$ cat entry37.cif   # mmCIF, C-alpha atoms and all ligand atoms
data_structure
#
loop_
_atom_site.label_atom_id
_atom_site.label_comp_id
_atom_site.auth_asym_id
_atom_site.auth_seq_id
_atom_site.Cartn_x
_atom_site.Cartn_y
_atom_site.Cartn_z
CA MET A 227 274.98 -84.96 -76.02
CA GLU A 228 271.53 -85.74 -77.38
CA GLN A 229 268.52 -84.71 -75.29
CA ARG A 230 267.65 -88.25 -74.11
CA GLN A 231 271.19 -88.78 -72.85
CA ARG A 232 271.14 -85.45 -71.04
CA VAL A 233 267.94 -86.45 -69.20
CA LEU A 234 269.45 -89.80 -68.28
CA ALA A 235 272.69 -88.20 -67.10
CA LEU A 236 270.76 -85.78 -64.91
CA LEU A 237 268.71 -88.55 -63.26
CA ALA A 238 271.82 -90.71 -62.79
CA GLU A 239 273.82 -87.83 -61.30
CA ASP A 240 272.58 -88.09 -57.74
CA GLN A 241 269.70 -90.59 -57.83
CA VAL A 242 267.24 -87.90 -56.74
CA PHE A 243 263.60 -87.89 -57.92
CA ARG A 244 262.64 -84.79 -59.95
CA THR A 245 259.43 -83.40 -61.40
CA LEU A 246 259.05 -82.81 -65.17
CA GLU A 247 259.38 -79.09 -64.50
CA GLU A 248 262.59 -79.53 -62.48
CA ILE A 249 264.16 -81.68 -65.22
CA GLY A 250 262.97 -79.21 -67.86
CA GLY A 251 264.34 -76.27 -65.84
CA SER A 252 267.80 -77.85 -65.57
CA LEU A 253 267.98 -78.80 -69.26
CA GLU A 254 266.04 -75.88 -70.78
CA LEU A 255 263.29 -78.12 -72.15
CA ASN A 256 259.53 -77.82 -71.68
CA ALA A 257 257.66 -80.35 -69.54
CA PRO A 258 255.82 -82.17 -72.41
CA ARG A 259 259.15 -82.65 -74.20
CA VAL A 260 260.72 -84.05 -71.02
CA ARG A 261 257.81 -86.49 -70.72
CA GLU A 262 258.39 -87.64 -74.32
CA LEU A 263 262.07 -88.16 -73.68
CA LEU A 264 261.39 -90.12 -70.50
CA GLU A 265 258.95 -92.33 -72.40
CA ASP A 266 261.57 -92.92 -75.12
CA LEU A 267 264.11 -93.85 -72.47
CA ARG A 268 261.66 -96.24 -70.84
CA LEU A 269 260.89 -97.89 -74.19
CA GLY A 270 264.63 -98.17 -74.75
CA GLY A 271 264.90 -100.29 -71.60
CA GLU A 272 265.98 -97.71 -69.02
CA ARG A 273 264.48 -98.20 -65.55
CA ILE A 274 262.63 -94.91 -65.35
CA LEU A 275 260.42 -94.80 -62.27
CA GLU A 276 257.61 -92.38 -61.53
CA ILE A 277 256.47 -91.83 -57.98
CA PRO A 278 253.19 -89.88 -57.81
CA GLY A 279 253.70 -86.46 -56.28
CA ARG A 280 257.47 -86.86 -56.34
CA GLY A 281 258.51 -87.15 -59.96
CA PHE A 282 260.94 -89.26 -61.93
CA GLY A 283 264.09 -91.13 -60.98
CA LEU A 284 266.12 -94.16 -61.89
CA GLY A 285 265.61 -97.65 -60.48
CA PRO A 286 266.30 -99.90 -58.82
CA VAL A 287 264.61 -98.58 -55.72
CA ALA A 288 265.36 -100.36 -52.48
CA ASP A 289 263.01 -100.63 -49.52
CA ILE A 290 265.82 -100.14 -47.06
CA LEU A 291 266.21 -97.10 -44.87
CA PHE A 292 269.80 -96.25 -45.82
CA GLU A 293 270.51 -92.54 -45.66
CA LYS A 294 271.09 -92.51 -49.44
CA GLU A 295 267.70 -94.08 -50.16
CA ILE A 296 265.84 -91.55 -47.97
CA GLN A 297 267.84 -88.66 -49.46
CA ARG A 298 266.54 -89.59 -52.94
CA TYR A 299 263.12 -88.28 -51.93
CA LEU A 300 263.97 -85.77 -49.21
CA ARG A 301 263.09 -82.11 -49.74
CA THR A 302 263.56 -80.75 -46.22
CA ARG A 303 265.96 -78.04 -45.12
CA GLN A 304 266.60 -79.11 -41.53
CA LEU A 305 264.90 -82.33 -40.50
CA GLY A 306 266.68 -85.50 -41.60
CA ARG A 307 269.93 -83.62 -42.15
CA PRO A 308 271.83 -85.75 -41.35
CA ILE A 309 270.27 -89.23 -41.17
CA VAL A 310 271.91 -91.86 -38.96
CA PHE A 311 270.90 -95.38 -40.05
CA ARG A 312 271.40 -98.61 -38.09
CA HIS A 313 270.32 -102.08 -39.16
CA GLU A 314 269.61 -102.86 -35.53
CA VAL A 315 269.48 -100.76 -32.42
CA SER A 316 268.00 -101.13 -28.97
CA SER A 317 265.83 -98.03 -29.44
CA THR A 318 266.22 -95.15 -31.89
CA ASN A 319 265.04 -92.82 -29.10
CA SER A 320 267.80 -94.03 -26.76
CA LEU A 321 270.44 -93.67 -29.49
CA ALA A 322 269.14 -90.21 -30.44
CA MET A 323 269.23 -89.14 -26.75
CA SER A 324 272.86 -90.22 -26.37
CA LEU A 325 273.88 -88.65 -29.70
CA ALA A 326 272.16 -85.44 -28.63
CA GLU A 327 274.04 -85.54 -25.29
CA SER A 328 277.26 -85.55 -27.30
CA GLY A 329 276.22 -82.54 -29.37
CA GLN A 330 274.46 -84.05 -32.43
CA PRO A 331 272.77 -81.12 -34.22
CA HIS A 332 269.13 -80.12 -34.47
CA GLY A 333 267.39 -82.02 -37.26
CA THR A 334 269.34 -85.27 -36.99
CA ALA A 335 267.10 -88.28 -37.69
CA VAL A 336 268.03 -91.67 -36.29
CA VAL A 337 266.43 -94.50 -38.28
CA ALA A 338 266.64 -98.26 -37.74
CA ASP A 339 265.42 -101.33 -39.58
CA ARG A 340 264.85 -103.17 -36.30
CA GLN A 341 264.68 -102.29 -32.61
CA THR A 342 265.47 -104.87 -29.95
CA GLY A 343 264.16 -102.69 -27.11
CA GLY A 344 261.65 -100.35 -28.80
CA ARG A 345 259.94 -98.16 -26.20
CA GLY A 346 256.37 -96.85 -26.10
CA ARG A 347 254.56 -94.36 -23.89
CA MET A 348 253.73 -95.17 -20.25
CA GLY A 349 256.70 -97.56 -19.96
CA ARG A 350 255.37 -99.98 -22.57
CA SER A 351 257.41 -101.79 -25.21
CA TRP A 352 257.05 -101.18 -28.95
CA ALA A 353 257.10 -104.22 -31.22
CA SER A 354 259.85 -103.52 -33.78
CA PRO A 355 260.51 -106.40 -36.21
CA ALA A 356 263.02 -106.05 -39.08
CA GLY A 357 262.26 -105.16 -42.69
CA VAL A 358 258.67 -103.98 -42.43
CA ASN A 359 258.17 -100.85 -40.33
CA LEU A 360 259.49 -97.37 -39.70
CA TYR A 361 261.31 -96.44 -36.48
CA LEU A 362 262.54 -92.85 -36.57
CA SER A 363 263.71 -90.45 -33.87
CA LEU A 364 264.47 -86.78 -34.34
CA VAL A 365 266.84 -84.61 -32.36
CA LEU A 366 265.32 -81.16 -31.86
CA ARG A 367 266.88 -78.17 -30.17
CA PRO A 368 264.14 -75.57 -29.84
CA GLU A 369 264.87 -72.38 -27.95
CA LEU A 370 261.76 -72.67 -25.80
CA PRO A 371 260.78 -72.93 -22.16
CA PRO A 372 260.03 -76.53 -21.01
CA SER A 373 256.38 -75.57 -20.32
CA ILE A 374 255.68 -75.34 -24.04
CA VAL A 375 256.66 -78.90 -24.92
CA THR A 376 253.20 -80.29 -24.08
CA GLU A 377 252.18 -78.84 -27.44
CA ILE A 378 254.70 -80.83 -29.48
CA PRO A 379 252.92 -84.23 -29.41
CA ILE A 380 249.83 -82.56 -30.89
CA VAL A 381 251.83 -80.85 -33.65
CA PHE A 382 253.62 -84.08 -34.56
CA ALA A 383 250.46 -86.21 -34.45
CA VAL A 384 248.90 -83.98 -37.12
CA ALA A 385 252.11 -84.05 -39.18
CA ALA A 386 252.41 -87.85 -39.03
CA ALA A 387 248.71 -88.29 -39.92
CA ARG A 388 249.18 -86.04 -42.95
CA ALA A 389 252.23 -88.03 -44.07
CA LEU A 390 250.25 -91.28 -44.01
CA GLU A 391 247.26 -89.69 -45.72
CA ARG A 392 249.42 -88.59 -48.68
CA GLN A 393 250.78 -92.07 -49.43
CA ASP A 394 249.64 -94.14 -52.37
CA PRO A 395 247.20 -95.67 -51.56
CA PRO A 396 246.31 -93.12 -48.85
CA VAL A 397 245.69 -94.32 -45.32
CA ARG A 398 242.79 -92.87 -43.36
CA VAL A 399 244.14 -91.85 -39.95
CA GLY A 400 242.40 -91.16 -36.67
CA ILE A 401 244.21 -89.58 -33.72
CA LYS A 402 243.71 -90.69 -30.13
CA TRP A 403 244.92 -88.16 -27.58
CA PRO A 404 247.62 -87.24 -27.34
CA ASN A 405 249.29 -88.77 -30.38
CA ASP A 406 248.28 -92.35 -31.16
CA LEU A 407 247.68 -92.90 -34.87
CA LEU A 408 244.76 -95.24 -35.49
CA HIS A 409 242.95 -96.85 -38.37
CA ASP A 410 239.48 -98.26 -37.65
CA GLY A 411 240.22 -98.17 -33.93
CA ARG A 412 243.50 -100.10 -34.22
CA LYS A 413 246.92 -98.66 -33.64
CA LEU A 414 248.98 -97.80 -36.72
CA GLY A 415 251.65 -95.75 -35.05
CA GLY A 416 252.72 -93.79 -32.00
CA ILE A 417 255.01 -91.00 -30.88
CA LEU A 418 257.26 -90.90 -27.84
CA CYS A 419 258.66 -87.46 -26.93
CA GLU A 420 261.48 -87.23 -24.40
CA MET A 421 263.51 -84.21 -23.34
CA ARG A 422 266.44 -82.92 -21.35
CA ALA A 423 265.64 -79.60 -19.75
CA SER A 424 266.57 -77.45 -16.79
CA SER A 425 265.21 -74.22 -15.36
CA SER A 426 267.18 -72.40 -18.06
CA GLY A 427 265.19 -74.09 -20.84
CA VAL A 428 265.05 -77.12 -23.09
CA HIS A 429 268.52 -78.56 -23.85
CA PHE A 430 267.14 -80.91 -26.45
CA LEU A 431 264.15 -83.01 -27.27
CA VAL A 432 263.84 -86.37 -28.98
CA ALA A 433 260.63 -87.19 -30.85
CA GLY A 434 260.43 -90.89 -31.73
CA ILE A 435 257.87 -92.08 -34.22
CA GLY A 436 256.96 -95.68 -34.90
CA ILE A 437 254.73 -96.56 -37.86
CA ASN A 438 253.53 -100.06 -38.70
CA VAL A 439 254.05 -100.00 -42.45
CA ASN A 440 254.21 -103.32 -44.33
CA MET A 441 253.86 -105.59 -41.28
CA VAL A 442 251.14 -108.13 -42.01
CA VAL A 443 251.87 -110.69 -39.32
CA LEU A 444 251.11 -109.32 -35.89
CA GLU A 445 252.47 -110.76 -32.66
CA GLU A 446 249.73 -112.53 -30.74
CA ASP A 447 249.24 -109.82 -28.12
CA LEU A 448 248.90 -107.15 -30.84
CA ALA A 449 246.43 -108.99 -33.05
CA GLU A 450 243.40 -107.38 -31.42
CA THR A 451 244.69 -103.85 -30.99
CA ALA A 452 247.18 -103.06 -33.76
CA THR A 453 247.20 -102.76 -37.53
CA SER A 454 249.54 -101.54 -40.26
CA MET A 455 249.29 -99.39 -43.37
CA ALA A 456 249.44 -102.55 -45.50
CA LEU A 457 246.68 -104.25 -43.50
CA ALA A 458 244.57 -101.08 -43.62
CA THR A 459 244.69 -100.60 -47.40
CA GLY A 460 246.06 -103.78 -49.01
CA GLY A 461 248.91 -101.67 -50.45
CA THR A 462 252.68 -102.01 -50.06
CA TYR A 463 254.71 -98.95 -49.18
CA LEU A 464 258.26 -97.84 -49.89
CA ARG A 465 259.70 -97.06 -46.46
CA PRO A 466 262.39 -94.55 -47.55
CA LEU A 467 259.74 -92.54 -49.40
CA LEU A 468 257.44 -92.65 -46.36
CA ALA A 469 260.36 -91.57 -44.13
CA ALA A 470 261.08 -88.61 -46.44
CA ASP A 471 257.39 -87.60 -46.55
CA LEU A 472 257.17 -87.89 -42.78
CA LEU A 473 260.24 -85.67 -42.31
CA GLU A 474 258.78 -83.15 -44.72
CA GLU A 475 255.43 -82.99 -42.89
CA LEU A 476 257.20 -82.77 -39.53
CA GLU A 477 259.32 -79.88 -40.78
CA THR A 478 256.34 -78.02 -42.25
CA SER A 479 254.38 -78.45 -39.01
CA TRP A 480 257.34 -77.57 -36.80
CA GLU A 481 257.88 -74.32 -38.70
CA ALA A 482 254.16 -73.50 -38.72
CA TRP A 483 254.01 -74.06 -34.96
CA LEU A 484 257.06 -71.91 -34.23
CA GLY A 485 255.76 -69.24 -36.62
CA ALA A 486 252.31 -69.13 -35.01
CA GLY A 487 253.68 -69.24 -31.46
CA SER A 488 250.70 -71.41 -30.47
CA LEU A 489 248.78 -74.59 -31.26
CA GLU A 490 246.14 -72.54 -33.06
CA PRO A 491 246.88 -73.89 -36.61
CA PHE A 492 246.72 -77.48 -35.32
CA LEU A 493 243.60 -77.52 -33.16
CA GLY A 494 241.22 -77.86 -36.15
CA PRO A 495 243.25 -80.54 -38.01
CA TRP A 496 243.74 -82.46 -34.77
CA MET A 497 240.02 -82.32 -33.82
CA GLU A 498 238.96 -83.44 -37.33
CA ARG A 499 240.83 -86.67 -36.76
CA SER A 500 240.14 -87.12 -33.04
CA VAL A 501 238.50 -90.47 -32.27
CA LEU A 502 237.66 -89.48 -28.68
CA GLU A 503 235.57 -86.37 -29.21
CA GLY A 504 232.27 -86.51 -27.30
CA ARG A 505 232.90 -90.07 -26.13
CA ARG A 506 232.91 -91.48 -22.65
CA ILE A 507 236.45 -92.44 -21.83
CA ARG A 508 238.74 -93.53 -19.04
CA VAL A 509 242.14 -91.91 -18.80
CA ALA A 510 244.69 -94.15 -17.09
CA MET A 511 247.17 -92.02 -15.22
CA GLN A 512 250.18 -92.89 -13.13
CA PRO A 513 248.70 -93.52 -10.57
CA GLY A 514 244.92 -93.94 -10.87
CA PHE A 515 242.44 -92.98 -13.55
CA LEU A 516 239.81 -90.41 -14.43
CA ASP A 517 236.44 -91.07 -16.12
CA GLY A 518 234.64 -88.48 -18.22
CA THR A 519 233.64 -87.26 -21.65
CA ALA A 520 236.29 -85.95 -24.07
CA GLU A 521 235.63 -82.32 -24.99
CA GLY A 522 238.45 -81.13 -27.20
CA LEU A 523 241.89 -79.80 -26.43
CA SER A 524 243.12 -76.91 -24.31
CA ALA A 525 245.31 -74.25 -25.92
CA SER A 526 248.37 -76.07 -24.57
CA GLY A 527 247.42 -79.53 -25.81
CA ALA A 528 245.80 -80.96 -22.67
CA LEU A 529 242.76 -83.20 -23.05
CA ARG A 530 239.61 -81.47 -21.78
CA LEU A 531 237.65 -84.01 -19.81
CA ARG A 532 234.09 -83.30 -18.64
CA LEU A 533 233.74 -85.08 -15.27
CA GLU A 534 230.58 -86.57 -13.74
CA ASP A 535 230.01 -83.41 -11.66
CA GLY A 536 230.01 -81.29 -14.84
CA SER A 537 233.35 -79.66 -14.24
CA ILE A 538 236.16 -79.67 -16.81
CA ARG A 539 239.52 -81.16 -15.98
CA GLU A 540 242.57 -80.60 -18.20
CA VAL A 541 244.69 -83.75 -18.40
CA TYR A 542 248.32 -83.43 -19.50
CA SER A 543 249.48 -87.00 -19.50
CA GLY A 544 247.83 -90.39 -19.51
CA ASP A 545 246.39 -93.09 -21.68
CA ALA A 546 242.83 -92.72 -22.95
CA HIS A 547 240.61 -95.79 -23.33
CA ILE A 548 237.28 -95.70 -25.13
CA GLY A 549 234.44 -97.91 -24.10
CA PRO A 550 232.94 -99.50 -21.02
CA LEU A 551 234.63 -97.73 -18.17
CA SER A 552 234.98 -100.86 -16.09
CA ARG A 553 236.91 -102.79 -18.75
CA GLU A 554 240.68 -102.60 -18.62
CA MET A 555 242.12 -102.15 -22.09
CA PRO A 556 245.17 -104.10 -23.24
CA GLN A 557 248.37 -102.48 -22.05
CA ARG A 558 250.52 -103.07 -25.08
CA SER A 559 250.03 -101.55 -28.49
C1 LIG B 601 253.45 -95.11 -28.14
O1 LIG B 601 253.47 -95.77 -27.10
O2 LIG B 601 252.41 -94.94 -28.77
C2 LIG B 601 254.72 -94.48 -28.67
C3 LIG B 601 255.50 -95.43 -29.51
C4 LIG B 601 256.77 -94.84 -30.06
C5 LIG B 601 257.62 -95.85 -30.78
C6 LIG B 601 258.79 -95.22 -31.48
S1 LIG B 601 259.60 -96.31 -32.60
C7 LIG B 601 260.88 -95.16 -32.80
C8 LIG B 601 261.18 -94.59 -31.42
N1 LIG B 601 262.08 -95.46 -30.70
C9 LIG B 601 261.52 -96.00 -29.62
O3 LIG B 601 262.08 -96.79 -28.82
N2 LIG B 601 260.25 -95.57 -29.52
C10 LIG B 601 259.90 -94.67 -30.58
#
$ encode --input "entry37.cif" --output "structure tokens" --more "lines below"
Ligand code: BTN
Amino acid sequence: MEQRQRVLALLAEDQVFRTLEEIGGSLELNAPRVRELLEDLRLGGERILEIPGRGFGLGPVADILFEKEIQRYLRTRQLGRPIVFRHEVSSTNSLAMSLAESGQPHGTAVVADRQTGGRGRMGRSWASPAGVNLYLSLVLRPELPPSIVTEIPIVFAVAAARALERQDPPVRVGIKWPNDLLHDGRKLGGILCEMRASSSGVHFLVAGIGINVNMVVLEEDLAETATSMALATGGTYLRPLLAADLLEELETSWEAWLGAGSLEPFLGPWMERSVLEGRRIRVAMQPGFLDGTAEGLSASGALRLRLEDGSIREVYSGDAHIGPLSREMPQRS
């Protein structure tokens, strides 16, 4: 078979994207020669696609979150293996919880195109229209005591921010404690962690991530508080590629966290993106609230709040609002 045909056959084999070096390695060709052959194929009418940072593959590319589409870009070992896709589901977190109850393995990712009952933190709903966003929940089975799980939202917030920052065009991401993803003060995404545990340890954990991706029409009650990657940059994003990048960042962070045995590697990256640092805030709790100034994170991921009397209070759960302390912030995001 001539060289061009061998390149084409390789790309057609499993629809995976490959770098020049990977193609060259498989076919015993050097990278510049592979580039020439790809260019020849393109000029000959083949739908050769290049995705920056990912390599070359064959079109057409679909913006649908089918397992096969995500697998084209996926380079993880554990997370997203397998992927369970649904066109419509009440909540990917609820489905992941029930699959986990029936023994679904560590690393399973549940992805949906639309949620009819998307859930947010503090009992809120999560707007989940079809065709535009990413709704993904991961089943995790760490062998850890329940006390340690307060660290996970911090780890995953950093991972999700990094995934958005590496898209083309990149999205600048701020983090609002514990794990809201913001752009220019508006909410881009959020993370909802839920777990089943007993005194013997964590049975499983579900981390659900919602990202507003290509949504440009916002429901009325979100218009003031939310945004999307597309609204932030003017770009359009390929959701299966974003899902694969997100899984990759989550896996890298998960392994780094387990390896370090602490939040240490994440405190700096989290603080760099923190939108609360040094600001006067109100933390809504269930029940009540606390006013103070945000002063970083504790080693276990709690928000350090400097109170009026000068003492520091570590807050483990709540909703932080920036701004005039008397003003109630909108409850839905
Ligand atoms: C938040 O309130 O900031 C957390 C929002 C989490 C939303 C995601 S979308 C995928 C997963 N399924 C859900 O029902 N919720 C999470």
$ residues_around --input "entry37.cif" --residues "Gly306 of chain A" --least-positions-apart "6" --cutoff "12 Å" --atoms "only C-alpha atoms" --output "JSON, numbers by chain"
{"A": [292, 293, 294, 296, 297, 299, 300, 331, 332, 333, 334, 335, 336, 337, 362, 363, 364, 365, 366, 466, 469, 470, 471, 472, 473, 474, 475, 476, 477]}
$ residues_near_ligand --input "entry37.cif" --ligand "ligand LIG 601 (chain B)" --cutoff "6 Å" --atoms "only C-alpha atoms and all ligand atoms" --output "ChimeraX atom specification"
/A:317-319,344-347,352,361-363,406,416-418,434-436
$ residues_near_point --input "entry37.cif" --point "(233.9, -81.7, -26.1)" --cutoff "7 Å" --atoms "all atoms listed in the file" --output "PyMOL selection string"
chain A and resi 503-504+520-522
$ closest_atom_pairs --input "entry37.cif" --of "segment 278-350 of chain A" --to "segment 479-497 of chain A" --cutoff "12 Å" --atoms "all atoms listed in the file" --output "CSV"
residue,atom,partner,partner_atom,distance
A:Thr302,CA,A:Glu481,CA,11.4
A:Arg303,CA,A:Glu481,CA,11.0
A:Gln304,CA,A:Glu481,CA,10.3
A:Leu305,CA,A:Trp480,CA,9.7
A:Gly333,CA,A:Trp480,CA,11.0
$ closest_residue --input "entry37.cif" --among "A:Leu467, A:Val541, A:Leu275, A:Val442" --to "Ile290 of chain A" --atoms "only C-alpha atoms"
A:Leu467
$ atom_distance --input "entry37.cif" --atom1 "atom CA of Ser425 of chain A" --atom2 "atom CA of Trp403 of chain A"
27.5 Å
$ atom_distance --input "entry37.cif" --atom1 "atom CA of Gly283 of chain A" --atom2 "atom CA of Arg392 of chain A"
19.3 Å
$ residues_near_point --input "entry37.cif" --point "(257.4, -103.2, -25.6)" --cutoff "12 Å" --atoms "all atoms listed in the file" --output "PyMOL selection string"
chain A and resi 316-317+341-355+436+445+447-448+557-559
$ atom_distance --input "entry37.cif" --atom1 "atom CA of Val242 of chain A" --atom2 "atom CA of Ile437 of chain A"
24.2 Å
$ axis_aligned_box --input "entry37.cif" --around "segment 230-233 of chain A" --padding-each-side "8 Å" --output "lines of an AutoDock Vina configuration file"
center_x = 269.4
center_y = -87.1
center_z = -71.7
size_x = 19.5
size_y = 19.3
size_z = 20.9
$ closest_residue --input "entry37.cif" --among "A:Gln231, A:Glu276, A:Pro368, A:Leu263" --to "Arg244 of chain A" --atoms "all atoms listed in the file"
A:Glu276
$ residues_around --input "entry37.cif" --residues "Ile277 of chain A" --least-positions-apart "5" --cutoff "12 Å" --atoms "only C-alpha atoms" --output "ChimeraX atom specification"
/A:242-246,282-285,287,298-299,393-395,463-464,467-468
$ residues_around --input "entry37.cif" --residues "Ile249 of chain A" --least-positions-apart "3" --cutoff "10 Å" --atoms "only C-alpha atoms" --output "ChimeraX atom specification"
/A:232-233,236-237,243-246,252-257,260-261,281-282
$ decode --input "entry37.cif" --residues "segment 274-295 of chain A" --atoms "N, CA and C atoms" --output "JSON list (two decimals), in the first residue's frame"
[["chain", "number", "residue", "atom", "x", "y", "z"],
["A", 274, "ILE", "N", -9.40, 15.59, 6.34],
["A", 274, "ILE", "CA", -8.39, 15.49, 7.41],
["A", 274, "ILE", "C", -8.61, 16.67, 8.35],
["A", 275, "LEU", "N", -8.78, 16.37, 9.63],
["A", 275, "LEU", "CA", -9.00, 17.45, 10.60],
["A", 275, "LEU", "C", -7.82, 17.52, 11.56],
["A", 276, "GLU", "N", -7.45, 18.76, 11.90],
["A", 276, "GLU", "CA", -6.41, 18.93, 12.92],
["A", 276, "GLU", "C", -7.02, 19.64, 14.10],
["A", 277, "ILE", "N", -6.86, 19.07, 15.28],
["A", 277, "ILE", "CA", -7.32, 19.74, 16.49],
["A", 277, "ILE", "C", -6.08, 20.10, 17.30],
["A", 278, "PRO", "N", -5.86, 21.43, 17.53],
["A", 278, "PRO", "CA", -4.64, 21.85, 18.22],
["A", 278, "PRO", "C", -4.45, 21.09, 19.52],
["A", 279, "GLY", "N", -3.25, 20.61, 19.73],
["A", 279, "GLY", "CA", -2.93, 19.91, 20.97],
["A", 279, "GLY", "C", -3.36, 18.46, 20.97],
["A", 280, "ARG", "N", -4.08, 18.03, 19.93],
["A", 280, "ARG", "CA", -4.63, 16.68, 19.94],
["A", 280, "ARG", "C", -4.15, 15.87, 18.74],
["A", 281, "GLY", "N", -3.99, 16.55, 17.61],
["A", 281, "GLY", "CA", -3.46, 15.86, 16.44],
["A", 281, "GLY", "C", -4.43, 15.78, 15.30],
["A", 282, "PHE", "N", -4.30, 14.71, 14.52],
["A", 282, "PHE", "CA", -5.04, 14.58, 13.27],
["A", 282, "PHE", "C", -6.02, 13.42, 13.33],
["A", 283, "GLY", "N", -7.17, 13.62, 12.68],
["A", 283, "GLY", "CA", -8.16, 12.56, 12.59],
["A", 283, "GLY", "C", -9.01, 12.78, 11.36],
["A", 284, "LEU", "N", -9.97, 11.92, 11.17],
["A", 284, "LEU", "CA", -10.84, 12.03, 10.00],
["A", 284, "LEU", "C", -12.19, 12.61, 10.40],
["A", 285, "GLY", "N", -12.74, 13.50, 9.53],
["A", 285, "GLY", "CA", -14.08, 14.02, 9.76],
["A", 285, "GLY", "C", -15.10, 13.00, 9.30],
["A", 286, "PRO", "N", -16.38, 13.22, 9.38],
["A", 286, "PRO", "CA", -16.92, 14.39, 10.05],
["A", 286, "PRO", "C", -16.89, 14.21, 11.57],
["A", 287, "VAL", "N", -16.82, 15.35, 12.23],
["A", 287, "VAL", "CA", -16.79, 15.34, 13.69],
["A", 287, "VAL", "C", -18.17, 15.80, 14.16],
["A", 288, "ALA", "N", -18.74, 15.09, 15.09],
["A", 288, "ALA", "CA", -20.08, 15.45, 15.55],
["A", 288, "ALA", "C", -20.01, 16.05, 16.94],
["A", 289, "ASP", "N", -20.82, 17.10, 17.15],
["A", 289, "ASP", "CA", -20.87, 17.70, 18.49],
["A", 289, "ASP", "C", -21.94, 17.01, 19.32],
["A", 290, "ILE", "N", -21.81, 15.71, 19.44],
["A", 290, "ILE", "CA", -22.78, 14.97, 20.25],
["A", 290, "ILE", "C", -21.96, 14.09, 21.18],
["A", 291, "LEU", "N", -22.48, 13.91, 22.39],
["A", 291, "LEU", "CA", -21.64, 13.31, 23.43],
["A", 291, "LEU", "C", -21.69, 11.78, 23.46],
["A", 292, "PHE", "N", -21.90, 11.17, 22.29],
["A", 292, "PHE", "CA", -21.86, 9.70, 22.23],
["A", 292, "PHE", "C", -20.53, 9.21, 22.76],
["A", 293, "GLU", "N", -20.56, 8.03, 23.37],
["A", 293, "GLU", "CA", -19.31, 7.45, 23.89],
["A", 293, "GLU", "C", -18.23, 7.43, 22.81],
["A", 294, "LYS", "N", -18.63, 7.03, 21.57],
["A", 294, "LYS", "CA", -17.64, 6.90, 20.50],
["A", 294, "LYS", "C", -16.98, 8.24, 20.16],
["A", 295, "GLU", "N", -17.77, 9.31, 20.20],
["A", 295, "GLU", "CA", -17.21, 10.63, 19.88],
["A", 295, "GLU", "C", -16.20, 11.05, 20.96]]
